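Structure first, commentary second.
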Amino acid sequence: PSERASEARSERRCARAVRGPARGGAAAGGARGAGTGPASGRAARRRARARGTERTRSAMALRIVNAKHGITCHAWSPDRKRIAVCENSEKVIIYLNADQDKVNWIKEHELAAHDLVVSAIDWSPVHNKIVTCSHDRNAFVWTYSQGTWKASMAILRINRAALDVKWSPDGSKFAVASGAKVVPVCHYEGANDWWISKMIKKHKSTVTSVAWHPSSQLLATGSTDFRCRVFSAFINDIDHSTNTVFGDTGRTRFGDLLLEFEACNGWVEDVAWSPSGSTLAYIGHDSSVNFVSMANGSPQVQTLKSRDLPNSKVFFLSDNVVVAAGHSFNPEIYQNASGSWSFLGNLNQKGSGAGGMAKKAVSNFSSARNLWSNKISRGQDTNNGSDDLWTLHHNAITDLKAFDQPQSRTISSFSTSGLDGRLVVWRPADLKKVSGLHL
Amino acid sequence: AVKAALQTPPLGSHDQAVKDMNTEVVLNAICSASDSEIDKIVADLYHNSSPDLCDTLVKYIYKGLADRKYCGVLLKWHASAVNMAGLGPVVRAMTDRKTV
C-alpha cells in the first residue's frame, strides 16, 4: 500500500511538473489540465485510492472544480451537502455531494438569471434561500420549491456593479455592496411579494464588502475610499431593538453612521465581525489587517502589517482567531492573546507533506525540463525550486466560507476557492499544524 | 547611517524641495554601504528597529529607481529587502498615498 501511495505521489509530481511552467497563465495551465480530462479522472481515482491508504490524508480535501476558469465565489448549503459555485461566468452551478470527493460531485442545478459575472453568492441557513449579485447591477433571491430554484429579482436601484452580498444572520435582510457608493439593504415585503431596498449612503467611493453584526442590526462596510464604517441597519417594521456595544439600536435610525475607521492606507477589501460581535476586523490593500475592539466602550484599532501580498477575504474562526486569505495563495492565521493580535503563521506550510505535491520532481527528465523552462520564463539559472508553487492554491484566493455546521460558535473548518479553479476545504488537522493556535 | 537617514521621512509634505533633499541624503547613505554590508544592514533594520523602517527603505528604493539613479546598487538592496521583509513593503510602497 505504501508503494502504491508513493507511486501515486510521483505520478502527481510529474503532472505538476508538466503544468508547473505555466504558472503565470492560469488559462494555459488550465487548458492543459482540462484537455486531459479522462486521464485526470483516472489520476483522481488513483489519488483517492492512495488517500485511503495514507494515514492522515483526510486532513485536506482538494477539489478542482474547473481549472480553466477559476472560481469567483462559492457558498455552501446549510447541510453542507451542496455547494453553489460561480465559475467566473454569469451562471451559478449547484453541485450535489459536495462534502465528498470531487469525482462524486453531481451537477444538480444551474441558476442562470444574470447577464454578467456573478460576484457573490450567499446561502442562508435560516430559510435556505440563495442570494446572488452580479456586475449587471442586479441581485436575485432564489427559492427552492418543487425541485427547482426560482429566481425573484430584488429591486436594488443601483447604477453600478454589485460586488458583495450577505444575508443577515437572522435571514430577514440582505445587504449588497456596490460600485454606486451606496449599500442597498433589502427586506421582503409580503404585500407585493418582492424584495425592496433601503439605501445606506455616505460612502465616497465603491463599497467593496459588507458584514453583518450577529444581532443583524449593524452593518460594517469596507470601501475603496480607505475607510471602514459601521452603520445601523435597523428597520422599524422588521427589527426589534437590542442592546449592542453601541447602545440600543432602537435609538438609531436606518443608515446612521456609527463609526468610521481610517487606519488603512489602501482599499478596504473585506470586513468581518467576531461571533460575539465585540470585535471587527478589516483588511486593506496595503497588506494590512486591522482589528477594532469595542471592549472598553471606545473603539481601539490595532493594525498589523503583513509580509506578503494583500488579502482578499477575512473571517473569524472564533472570538480570538482570525483567518485571512488572498493574493499570496496562503491563508494566514492571526490570534488574539491577552488583548493584542499577532500573526501566527500560514496555514499551508512548506514541506509539511500536507499538499503531497510539495516535493520536487526527482526524475531526470522533469528536473531538466524545469531547468530549461525556468531559464526561459523566469531567467533563473538554478532549479532550486524555491519559486515552485508549493501551496495548495496556485492563484489568488477569492472566497472564504465557513464549513462547519452553521450554528457552531467556533469554526474549525472552512473552505477557500481561488482563481485557479480549486476549492480547498481546510480541516481541524490543518489548523493544528499552526503552532500556538488555540481556538 | 542608513538607519538614521530613514528615521524621519517627510511623508505627506507638500514641499518638493524638502523631499528631494531627503532623498539625496538617503540615497547617499545607501550607496556608501558596501555590497557585503547590505544584508547585515537590512537584517538589522528588520529585526532590531521597527519593520516600518523597512517599508520606508523600500519606498526610497523605488523612488531612486524611478529617478534612474544608482540603479545597480538599489536593485541589490531591493533583493535583500524583499528576502528579509517579504512583498508586503513593496505593496505598501505602491499603495501609500503619502509618498516619500
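As shown in the C-alpha cells, the chain order sets the letters A, B, ...; within each chain, residues go from 1, and ligands are also counted from 1 in the order they appear.
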
Residue list for chain B near chain A as a PyMOL selection string, 9 Å, only C-alpha atoms: chain B and resi 51-52+85-98

Those residues you just picked out, can you put them in a file as a PDB file, in the first residue's frame with N, CA, C and O atoms?
ATOM      1  N   PRO B  51       9.760  47.257  11.731  1.00  0.00           N
ATOM      2  CA  PRO B  51       9.606  46.934  10.305  1.00  0.00           C
ATOM      3  C   PRO B  51       9.130  48.131   9.489  1.00  0.00           C
ATOM      4  O   PRO B  51       9.231  48.103   8.267  1.00  0.00           O
ATOM      5  N   ASP B  52       8.649  49.171  10.147  1.00  0.00           N
ATOM      6  CA  ASP B  52       8.244  50.356   9.386  1.00  0.00           C
ATOM      7  C   ASP B  52       9.418  50.952   8.651  1.00  0.00           C
ATOM      8  O   ASP B  52       9.272  51.521   7.575  1.00  0.00           O
ATOM      9  N   ALA B  85      12.017  41.101   4.287  1.00  0.00           N
ATOM     10  CA  ALA B  85      10.721  41.603   4.761  1.00  0.00           C
ATOM     11  C   ALA B  85       9.551  41.148   3.909  1.00  0.00           C
ATOM     12  O   ALA B  85       8.425  41.519   4.181  1.00  0.00           O
ATOM     13  N   GLY B  86       9.788  40.379   2.882  1.00  0.00           N
ATOM     14  CA  GLY B  86       8.680  39.885   2.095  1.00  0.00           C
ATOM     15  C   GLY B  86       8.159  40.923   1.109  1.00  0.00           C
ATOM     16  O   GLY B  86       8.742  41.974   0.906  1.00  0.00           O
ATOM     17  N   LEU B  87       7.012  40.621   0.505  1.00  0.00           N
ATOM     18  CA  LEU B  87       6.477  41.509  -0.527  1.00  0.00           C
ATOM     19  C   LEU B  87       5.578  42.582   0.054  1.00  0.00           C
ATOM     20  O   LEU B  87       5.154  43.489  -0.650  1.00  0.00           O
ATOM     21  N   GLY B  88       5.274  42.496   1.352  1.00  0.00           N
ATOM     22  CA  GLY B  88       4.399  43.482   1.969  1.00  0.00           C
ATOM     23  C   GLY B  88       4.877  44.912   1.793  1.00  0.00           C
ATOM     24  O   GLY B  88       4.110  45.773   1.374  1.00  0.00           O
ATOM     25  N   PRO B  89       6.149  45.223   2.113  1.00  0.00           N
ATOM     26  CA  PRO B  89       6.617  46.595   1.933  1.00  0.00           C
ATOM     27  C   PRO B  89       6.501  47.086   0.506  1.00  0.00           C
ATOM     28  O   PRO B  89       6.245  48.276   0.269  1.00  0.00           O
ATOM     29  N   VAL B  90       6.664  46.192  -0.467  1.00  0.00           N
ATOM     30  CA  VAL B  90       6.539  46.614  -1.862  1.00  0.00           C
ATOM     31  C   VAL B  90       5.108  47.056  -2.132  1.00  0.00           C
ATOM     32  O   VAL B  90       4.864  48.101  -2.735  1.00  0.00           O
ATOM     33  N   VAL B  91       4.149  46.253  -1.637  1.00  0.00           N
ATOM     34  CA  VAL B  91       2.738  46.624  -1.830  1.00  0.00           C
ATOM     35  C   VAL B  91       2.457  47.957  -1.158  1.00  0.00           C
ATOM     36  O   VAL B  91       1.761  48.813  -1.702  1.00  0.00           O
ATOM     37  N   ARG B  92       3.037  48.121   0.049  1.00  0.00           N
ATOM     38  CA  ARG B  92       2.793  49.377   0.746  1.00  0.00           C
ATOM     39  C   ARG B  92       3.442  50.541   0.027  1.00  0.00           C
ATOM     40  O   ARG B  92       2.905  51.652   0.020  1.00  0.00           O
ATOM     41  N   ALA B  93       4.598  50.327  -0.585  1.00  0.00           N
ATOM     42  CA  ALA B  93       5.220  51.414  -1.341  1.00  0.00           C
ATOM     43  C   ALA B  93       4.312  51.819  -2.502  1.00  0.00           C
ATOM     44  O   ALA B  93       4.257  52.986  -2.876  1.00  0.00           O
ATOM     45  N   MET B  94       3.591  50.862  -3.053  1.00  0.00           N
ATOM     46  CA  MET B  94       2.728  51.181  -4.187  1.00  0.00           C
ATOM     47  C   MET B  94       1.426  51.821  -3.761  1.00  0.00           C
ATOM     48  O   MET B  94       0.896  52.686  -4.446  1.00  0.00           O
ATOM     49  N   THR B  95       0.865  51.417  -2.611  1.00  0.00           N
ATOM     50  CA  THR B  95      -0.477  51.886  -2.288  1.00  0.00           C
ATOM     51  C   THR B  95      -0.485  53.106  -1.392  1.00  0.00           C
ATOM     52  O   THR B  95      -1.495  53.776  -1.298  1.00  0.00           O
ATOM     53  N   ASP B  96       0.596  53.402  -0.714  1.00  0.00           N
ATOM     54  CA  ASP B  96       0.559  54.504   0.252  1.00  0.00           C
ATOM     55  C   ASP B  96       0.432  55.827  -0.464  1.00  0.00           C
ATOM     56  O   ASP B  96       1.221  56.135  -1.364  1.00  0.00           O
ATOM     57  N   ARG B  97      -0.578  56.610  -0.066  1.00  0.00           N
ATOM     58  CA  ARG B  97      -0.759  57.864  -0.780  1.00  0.00           C
ATOM     59  C   ARG B  97       0.220  58.923  -0.317  1.00  0.00           C
ATOM     60  O   ARG B  97       0.451  59.901  -1.010  1.00  0.00           O
ATOM     61  N   LYS B  98       0.775  58.722   0.868  1.00  0.00           N
ATOM     62  CA  LYS B  98       1.762  59.694   1.309  1.00  0.00           C
ATOM     63  C   LYS B  98       3.099  59.217   0.791  1.00  0.00           C
ATOM     64  O   LYS B  98       3.691  58.292   1.327  1.00  0.00           O
TER      65      LYS B  98
END

Can you tell me which residues surround stretch 34-41 of chain B at a distance of at most 12 Å, considering only C-alpha atoms, apart from same-chain residues fewer than 5 positions away, and format the answer as a PDB file with C-alpha atoms, in the first residue's frame?
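Output (out.pdb):
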ATOM      1  CA  ALA B   1      23.957  55.910   8.917  1.00  0.00           C
ATOM      2  CA  VAL B   2      21.247  54.328   6.784  1.00  0.00           C
ATOM      3  CA  LYS B   3      19.079  53.859   9.823  1.00  0.00           C
ATOM      4  CA  ALA B   4      19.417  57.478  10.857  1.00  0.00           C
ATOM      5  CA  ASN B  28      23.912  58.709  -0.426  1.00  0.00           C
ATOM      6  CA  ALA B  29      23.777  56.666   2.748  1.00  0.00           C
ATOM      7  CA  TYR B  46      14.053  44.468  10.170  1.00  0.00           C
ATOM      8  CA  HIS B  47      14.786  42.729  13.424  1.00  0.00           C
ATOM      9  CA  ASN B  48      16.052  45.423  15.728  1.00  0.00           C
ATOM     10  CA  SER B  49      14.279  48.536  14.583  1.00  0.00           C
ATOM     11  CA  LEU B  53      11.786  51.364   8.568  1.00  0.00           C
ATOM     12  CA  CYS B  54      11.892  48.546   6.048  1.00  0.00           C
ATOM     13  CA  LEU B  57      13.578  51.792   2.842  1.00  0.00           C
ATOM     14  CA  GLY B  72      22.514  48.681  -9.819  1.00  0.00           C
ATOM     15  CA  VAL B  73      23.058  49.258  -6.134  1.00  0.00           C
ATOM     16  CA  LEU B  74      19.388  49.821  -5.500  1.00  0.00           C
ATOM     17  CA  LEU B  75      18.481  46.534  -7.140  1.00  0.00           C
ATOM     18  CA  LYS B  76      20.795  44.734  -4.758  1.00  0.00           C
ATOM     19  CA  TRP B  77      19.168  46.480  -1.853  1.00  0.00           C
ATOM     20  CA  HIS B  78      15.758  45.567  -3.250  1.00  0.00           C
ATOM     21  CA  ALA B  79      16.622  41.879  -3.414  1.00  0.00           C
ATOM     22  CA  SER B  80      17.902  41.921   0.112  1.00  0.00           C
ATOM     23  CA  ALA B  81      14.901  43.842   1.447  1.00  0.00           C
ATOM     24  CA  VAL B  82      12.389  41.524  -0.220  1.00  0.00           C
ATOM     25  CA  ASN B  83      14.226  38.494   1.092  1.00  0.00           C
ATOM     26  CA  MET B  84      14.058  39.841   4.578  1.00  0.00           C
ATOM     27  CA  ALA B  85      10.721  41.603   4.761  1.00  0.00           C
TER      28      ALA B  85
END

- prompt: Contacts of A:Gln217 at 9 Å or less, counting only C-alpha atoms, minus same-chain residues fewer than 6 places along, as a list in words?
  reply: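 Listing them by chain and then by number gives Ser168, Phe231, Ser232, Ala233, Phe234, Ile235, Asp239, His240, Ser241, Thr242 and Thr249 of chain A.
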
Using only N, CA, C and O atoms, please write the residues we just selected to a file, as an mmCIF file, in the first residue's frame.
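Result went into out_12.cif, see below:
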data_model
loop_
_atom_site.group_PDB
_atom_site.id
_atom_site.type_symbol
_atom_site.label_atom_id
_atom_site.label_comp_id
_atom_site.auth_asym_id
_atom_site.auth_seq_id
_atom_site.Cartn_x
_atom_site.Cartn_y
_atom_site.Cartn_z
ATOM 1 N N SER A 168 -28.313 38.692 6.408
ATOM 2 C CA SER A 168 -28.144 38.973 7.822
ATOM 3 C C SER A 168 -28.278 37.640 8.559
ATOM 4 O O SER A 168 -28.923 36.724 8.078
ATOM 5 N N PHE A 231 -22.614 51.024 10.245
ATOM 6 C CA PHE A 231 -23.902 51.703 10.129
ATOM 7 C C PHE A 231 -24.957 50.950 10.918
ATOM 8 O O PHE A 231 -24.830 49.754 11.164
ATOM 9 N N SER A 232 -26.016 51.659 11.221
ATOM 10 C CA SER A 232 -27.162 50.982 11.803
ATOM 11 C C SER A 232 -28.077 50.563 10.671
ATOM 12 O O SER A 232 -28.375 51.343 9.768
ATOM 13 N N ALA A 233 -28.519 49.317 10.715
ATOM 14 C CA ALA A 233 -29.421 48.830 9.673
ATOM 15 C C ALA A 233 -30.736 48.445 10.298
ATOM 16 O O ALA A 233 -31.352 47.455 9.925
ATOM 17 N N PHE A 234 -31.159 49.227 11.246
ATOM 18 C CA PHE A 234 -32.375 48.912 11.993
ATOM 19 C C PHE A 234 -33.582 49.353 11.184
ATOM 20 O O PHE A 234 -33.772 50.532 10.928
ATOM 21 N N ILE A 235 -34.393 48.402 10.793
ATOM 22 C CA ILE A 235 -35.599 48.728 10.020
ATOM 23 C C ILE A 235 -36.780 48.572 10.951
ATOM 24 O O ILE A 235 -36.986 47.517 11.542
ATOM 25 N N ASP A 239 -37.207 44.842 12.655
ATOM 26 C CA ASP A 239 -36.283 44.524 13.740
ATOM 27 C C ASP A 239 -36.855 44.905 15.081
ATOM 28 O O ASP A 239 -37.646 45.839 15.205
ATOM 29 N N HIS A 240 -36.393 44.175 16.086
ATOM 30 C CA HIS A 240 -36.680 44.571 17.456
ATOM 31 C C HIS A 240 -35.403 45.138 18.025
ATOM 32 O O HIS A 240 -34.341 44.578 17.837
ATOM 33 N N SER A 241 -35.497 46.203 18.745
ATOM 34 C CA SER A 241 -34.263 46.858 19.177
ATOM 35 C C SER A 241 -33.555 46.001 20.199
ATOM 36 O O SER A 241 -34.161 45.396 21.071
ATOM 37 N N THR A 242 -32.251 45.917 20.061
ATOM 38 C CA THR A 242 -31.447 45.136 21.001
ATOM 39 C C THR A 242 -30.318 46.009 21.500
ATOM 40 O O THR A 242 -29.979 47.029 20.903
ATOM 41 N N THR A 249 -30.082 49.733 19.714
ATOM 42 C CA THR A 249 -30.207 50.005 18.287
ATOM 43 C C THR A 249 -31.537 50.655 17.952
ATOM 44 O O THR A 249 -31.701 51.260 16.912
#

task: Have a look at atom CA of A:Ser178 and atom CA of A:Ile238 and let me know their distance in Å, one decimal.
output: 23.4 Å

- request: Give me every strand (DSSP E) residue in stretch 282-367 of chain A, going by DSSP on the backbone, as JSON, numbers by chain.
  value: {"A": [282, 283, 284, 288, 289, 290, 291, 292, 293, 300, 301, 302, 303, 304, 305, 311, 312, 313, 314, 315, 316, 321, 322, 323, 324, 325, 326, 332, 333, 334, 335, 336, 337, 340, 341, 342, 343, 344, 345, 346]}

query: By how many Å are atom CA of A:Arg63 and atom CA of A:His135 apart?
result: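 One can read the atom CA of A:Arg63 to atom CA of A:His135 distance as 26.5 Å.
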
- request: Determine which residues of stretch 193-370 of chain A DSSP labels as helix (DSSP H, G or I) from the backbone of this structure, then write them out as a PyMOL selection string.
  value: chain A and resi 249-251+364-370

- request: Using only C-alpha atoms, pick whichever of B:Met21, B:Leu27, B:Leu45, B:Ala33 has the shortest atom-to-atom distance to B:Ile61.
  value: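 Residue with the minimum atom-to-atom distance to B:Ile61: B:Leu27.
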